[in-house]
Amino acid sequence: MNELPILRYFVDPMCSWCWGFTPIFERIREHFDKDFRFALVMGGLRPYTQDSVTDQFREEILHHWHDVQKMTGQDFTFDNAMPDGFVYDTEPPARAVLIVGRLSPENTFAFFKAIQHAFYVEQLDVTKADVLAELASTFDVKTDAFSDMFESEEMKAMVQKHYLQTREFGVRGFPTLGTGSSDQHIIFANGFQPYEELEQSISEWLSD
């Protein structure tokens, strides 16, 4: 029996349109669970950023958040979001997702969603190792094991492999959903897309 194709979800834990897309992706996973294997690929929105957010940057980001909420209905907490001193480095939460994928693979998608909710609704600083370790502990991941892997060169390199794969697939924005290999692939969604349109395009590809 041939293996099912992989449907890759190129995403970033701190991408607001990815948060808006989460309910749609969950429906896609449920609808096509017998047609695909599903994989999260960390895309790299703003990895390795070192500078604190400026007032102008915060205003621009919050504008996007309002657009996402208006379009999708997803929950956001706007007041006091991204306070002074906050560094919008998206690599640590991406690394955390890969660690949970290694230690508790059945919880990978749920943990990814938990990071999104923690950032956009609970206003937790998901760039911090202790915050991520606490979140992971609710998904059967021991804090010591998580912390050891979080500081490991292996997992830091693994994130970079994901970023490389994203570039090899030609992905330039998130969320993106596609299948195939880097040499021959099809993209079903490049950016936010309503469920009905996405379900139709995937179904048509499968029927062909």
# chains A, B, ... in the order shown; residues from 1 in each chain; ligands from 1
call {"tool": "select_by_dssp", "arguments": {"residues": "segment 10-75 of chain A", "states": "alpha helix (DSSP H)", "output": "ChimeraX atom specification"}}
result
/A:16-31,55-72
call {"tool": "write_last_selection", "arguments": {"atoms": "N, CA, C and O atoms", "output": "tab-separated table (two decimals), in the first residue's frame"}}
result
chain	number	residue	atom	x	y	z
A	16	SER	N	-0.13	36.29	12.81
A	16	SER	CA	-1.54	36.53	13.15
A	16	SER	C	-2.49	35.91	12.14
A	16	SER	O	-3.56	35.41	12.51
A	17	TRP	N	-2.14	35.93	10.86
A	17	TRP	CA	-3.02	35.30	9.87
A	17	TRP	C	-3.03	33.79	10.03
A	17	TRP	O	-4.03	33.13	9.71
A	18	CYS	N	-1.94	33.22	10.56
A	18	CYS	CA	-1.94	31.79	10.87
A	18	CYS	C	-2.90	31.49	12.02
A	18	CYS	O	-3.60	30.46	12.01
A	19	TRP	N	-2.93	32.37	13.00
A	19	TRP	CA	-3.90	32.23	14.10
A	19	TRP	C	-5.32	32.31	13.55
A	19	TRP	O	-6.19	31.52	13.93
A	20	GLY	N	-5.55	33.24	12.65
A	20	GLY	CA	-6.87	33.34	12.03
A	20	GLY	C	-7.23	32.12	11.21
A	20	GLY	O	-8.41	31.75	11.09
A	21	PHE	N	-6.22	31.46	10.65
A	21	PHE	CA	-6.42	30.30	9.79
A	21	PHE	C	-6.59	29.00	10.57
A	21	PHE	O	-7.01	27.98	10.02
A	22	THR	N	-6.28	29.02	11.86
A	22	THR	CA	-6.28	27.80	12.67
A	22	THR	C	-7.59	27.01	12.60
A	22	THR	O	-7.56	25.79	12.38
A	23	PRO	N	-8.76	27.63	12.77
A	23	PRO	CA	-9.99	26.84	12.67
A	23	PRO	C	-10.19	26.20	11.31
A	23	PRO	O	-10.73	25.09	11.21
A	24	ILE	N	-9.73	26.87	10.26
A	24	ILE	CA	-9.86	26.32	8.91
A	24	ILE	C	-8.93	25.13	8.74
A	24	ILE	O	-9.33	24.08	8.20
A	25	PHE	N	-7.71	25.26	9.22
A	25	PHE	CA	-6.78	24.14	9.12
A	25	PHE	C	-7.29	22.94	9.91
A	25	PHE	O	-7.14	21.79	9.46
A	26	GLU	N	-7.89	23.18	11.05
A	26	GLU	CA	-8.44	22.08	11.84
A	26	GLU	C	-9.55	21.35	11.07
A	26	GLU	O	-9.64	20.11	11.11
A	27	ARG	N	-10.36	22.09	10.36
A	27	ARG	CA	-11.41	21.47	9.53
A	27	ARG	C	-10.79	20.69	8.38
A	27	ARG	O	-11.27	19.60	8.02
A	28	ILE	N	-9.73	21.22	7.78
A	28	ILE	CA	-9.04	20.53	6.69
A	28	ILE	C	-8.45	19.22	7.20
A	28	ILE	O	-8.57	18.16	6.55
A	29	ARG	N	-7.83	19.24	8.34
A	29	ARG	CA	-7.25	18.02	8.92
A	29	ARG	C	-8.33	16.97	9.17
A	29	ARG	O	-8.13	15.78	8.90
A	30	GLU	N	-9.46	17.41	9.69
A	30	GLU	CA	-10.54	16.48	9.98
A	30	GLU	C	-11.15	15.92	8.68
A	30	GLU	O	-11.41	14.72	8.58
A	31	HIS	N	-11.34	16.77	7.70
A	31	HIS	CA	-12.01	16.36	6.46
A	31	HIS	C	-11.13	15.42	5.63
A	31	HIS	O	-11.64	14.47	5.01
A	55	ASP	N	7.04	51.85	18.93
A	55	ASP	CA	5.64	52.25	18.90
A	55	ASP	C	5.05	52.09	17.50
A	55	ASP	O	3.91	51.64	17.33
A	56	GLN	N	5.82	52.45	16.48
A	56	GLN	CA	5.35	52.34	15.11
A	56	GLN	C	5.13	50.88	14.72
A	56	GLN	O	4.11	50.53	14.10
A	57	PHE	N	6.08	50.02	15.09
A	57	PHE	CA	5.95	48.60	14.77
A	57	PHE	C	4.72	48.01	15.46
A	57	PHE	O	3.96	47.25	14.84
A	58	ARG	N	4.53	48.36	16.75
A	58	ARG	CA	3.38	47.86	17.49
A	58	ARG	C	2.08	48.29	16.81
A	58	ARG	O	1.14	47.49	16.68
A	59	GLU	N	2.01	49.53	16.39
A	59	GLU	CA	0.81	50.03	15.72
A	59	GLU	C	0.53	49.26	14.43
A	59	GLU	O	-0.62	48.90	14.14
A	60	GLU	N	1.59	48.99	13.68
A	60	GLU	CA	1.42	48.23	12.43
A	60	GLU	C	0.94	46.82	12.70
A	60	GLU	O	0.04	46.31	12.00
A	61	ILE	N	1.53	46.16	13.69
A	61	ILE	CA	1.14	44.79	14.01
A	61	ILE	C	-0.31	44.73	14.50
A	61	ILE	O	-1.09	43.86	14.10
A	62	LEU	N	-0.67	45.66	15.38
A	62	LEU	CA	-2.04	45.66	15.91
A	62	LEU	C	-3.04	45.92	14.80
A	62	LEU	O	-4.18	45.41	14.83
A	63	HIS	N	-2.67	46.70	13.79
A	63	HIS	CA	-3.54	46.91	12.64
A	63	HIS	C	-3.81	45.58	11.94
A	63	HIS	O	-4.96	45.29	11.57
A	64	HIS	N	-2.77	44.77	11.78
A	64	HIS	CA	-2.95	43.44	11.19
A	64	HIS	C	-3.86	42.58	12.06
A	64	HIS	O	-4.73	41.86	11.55
A	65	TRP	N	-3.65	42.64	13.38
A	65	TRP	CA	-4.48	41.84	14.27
A	65	TRP	C	-5.95	42.20	14.14
A	65	TRP	O	-6.81	41.31	14.12
A	66	HIS	N	-6.24	43.47	14.07
A	66	HIS	CA	-7.64	43.89	13.89
A	66	HIS	C	-8.20	43.38	12.57
A	66	HIS	O	-9.37	42.96	12.50
A	67	ASP	N	-7.39	43.41	11.51
A	67	ASP	CA	-7.83	42.89	10.22
A	67	ASP	C	-8.15	41.40	10.32
A	67	ASP	O	-9.17	40.93	9.78
A	68	VAL	N	-7.28	40.64	11.01
A	68	VAL	CA	-7.49	39.21	11.15
A	68	VAL	C	-8.76	38.92	11.95
A	68	VAL	O	-9.56	38.07	11.58
A	69	GLN	N	-8.94	39.66	13.05
A	69	GLN	CA	-10.14	39.46	13.86
A	69	GLN	C	-11.41	39.76	13.07
A	69	GLN	O	-12.40	39.02	13.13
A	70	LYS	N	-11.37	40.83	12.30
A	70	LYS	CA	-12.54	41.20	11.49
A	70	LYS	C	-12.85	40.15	10.45
A	70	LYS	O	-14.01	39.81	10.20
A	71	MET	N	-11.81	39.59	9.83
A	71	MET	CA	-11.99	38.61	8.77
A	71	MET	C	-12.38	37.24	9.30
A	71	MET	O	-13.20	36.54	8.70
A	72	THR	N	-11.81	36.84	10.44
A	72	THR	CA	-11.93	35.45	10.89
A	72	THR	C	-12.74	35.26	12.16
A	72	THR	O	-13.20	34.15	12.43
call {"tool": "residues_around", "arguments": {"residues": "Ser201 of chain A", "least_positions_apart": "3", "cutoff": "12 Å", "atoms": "only C-alpha atoms", "output": "list in words"}}
result
Ile28, Leu177, Gly178, Ile186, Ile187, Phe188, Ala189, Gln193, Pro194, Tyr195, Glu196, Glu197, Leu198, Glu204, Trp205, Leu206, Ser207 and Asp208 of chain A
call {"tool": "closest_residue", "arguments": {"among": "A:Gly173, A:Pro105, A:Pro93, A:Pro5", "to": "Leu135 of chain A", "atoms": "only C-alpha atoms"}}
result
A:Pro93
call {"tool": "residues_around", "arguments": {"residues": "Ala145 of chain A", "least_positions_apart": "6", "cutoff": "10 Å", "atoms": "only C-alpha atoms", "output": "list of chain:residue names"}}
result
A:Ile99, A:Leu103, A:Ala133
call {"tool": "write_last_selection", "arguments": {"atoms": "all heavy atoms", "output": "PDB file, in the first residue's frame"}}
result
ATOM      1  N   ILE A  99      10.344  20.626  19.466  1.00  0.00           N
ATOM      2  CA  ILE A  99      10.684  19.810  20.640  1.00  0.00           C
ATOM      3  C   ILE A  99       9.489  18.969  21.070  1.00  0.00           C
ATOM      4  O   ILE A  99       9.618  17.766  21.312  1.00  0.00           O
ATOM      5  CB  ILE A  99      11.163  20.707  21.794  1.00  0.00           C
ATOM      6  CG1 ILE A  99      12.499  21.352  21.430  1.00  0.00           C
ATOM      7  CG2 ILE A  99      11.292  19.901  23.092  1.00  0.00           C
ATOM      8  CD1 ILE A  99      12.925  22.455  22.381  1.00  0.00           C
ATOM      9  N   LEU A 103       9.106  14.964  21.497  1.00  0.00           N
ATOM     10  CA  LEU A 103       8.852  14.316  22.789  1.00  0.00           C
ATOM     11  C   LEU A 103       7.408  13.829  22.963  1.00  0.00           C
ATOM     12  O   LEU A 103       7.168  12.891  23.711  1.00  0.00           O
ATOM     13  CB  LEU A 103       9.198  15.290  23.929  1.00  0.00           C
ATOM     14  CG  LEU A 103      10.649  15.731  24.027  1.00  0.00           C
ATOM     15  CD1 LEU A 103      10.821  16.749  25.151  1.00  0.00           C
ATOM     16  CD2 LEU A 103      11.565  14.531  24.253  1.00  0.00           C
ATOM     17  N   ALA A 133       8.182  26.220  28.311  1.00  0.00           N
ATOM     18  CA  ALA A 133       8.288  24.979  29.084  1.00  0.00           C
ATOM     19  C   ALA A 133       7.024  24.719  29.878  1.00  0.00           C
ATOM     20  O   ALA A 133       6.554  23.570  29.980  1.00  0.00           O
ATOM     21  CB  ALA A 133       9.505  25.046  30.015  1.00  0.00           C
TER      22      ALA A 133
END
call {"tool": "closest_residue", "arguments": {"among": "A:Ile6, A:Ala96, A:Leu124, A:Val41", "to": "Tyr163 of chain A", "atoms": "only C-alpha atoms"}}
result
A:Val41
call {"tool": "select_by_dssp", "arguments": {"residues": "segment 3-129 of chain A", "states": "strand (DSSP E)", "output": "PyMOL selection string"}}
result
chain A and resi 6-11+37-42
call {"tool": "write_last_selection", "arguments": {"atoms": "C-alpha atoms", "output": "short mmCIF file (atom, residue, chain, number, x, y, z; two decimals), in the first residue's frame"}}
result
data_model
loop_
_atom_site.label_atom_id
_atom_site.label_comp_id
_atom_site.auth_asym_id
_atom_site.auth_seq_id
_atom_site.Cartn_x
_atom_site.Cartn_y
_atom_site.Cartn_z
CA ILE A 6 2.12 14.77 3.01
CA LEU A 7 0.12 17.98 3.31
CA ARG A 8 2.59 20.53 4.64
CA TYR A 9 1.42 23.50 6.66
CA PHE A 10 4.05 26.23 6.43
CA VAL A 11 3.37 28.41 9.42
CA ARG A 37 -0.36 12.80 6.46
CA PHE A 38 -0.08 16.29 7.96
CA ALA A 39 3.16 18.09 8.79
CA LEU A 40 3.87 21.44 10.41
CA VAL A 41 6.80 23.28 8.84
CA MET A 42 8.12 26.24 10.79
#
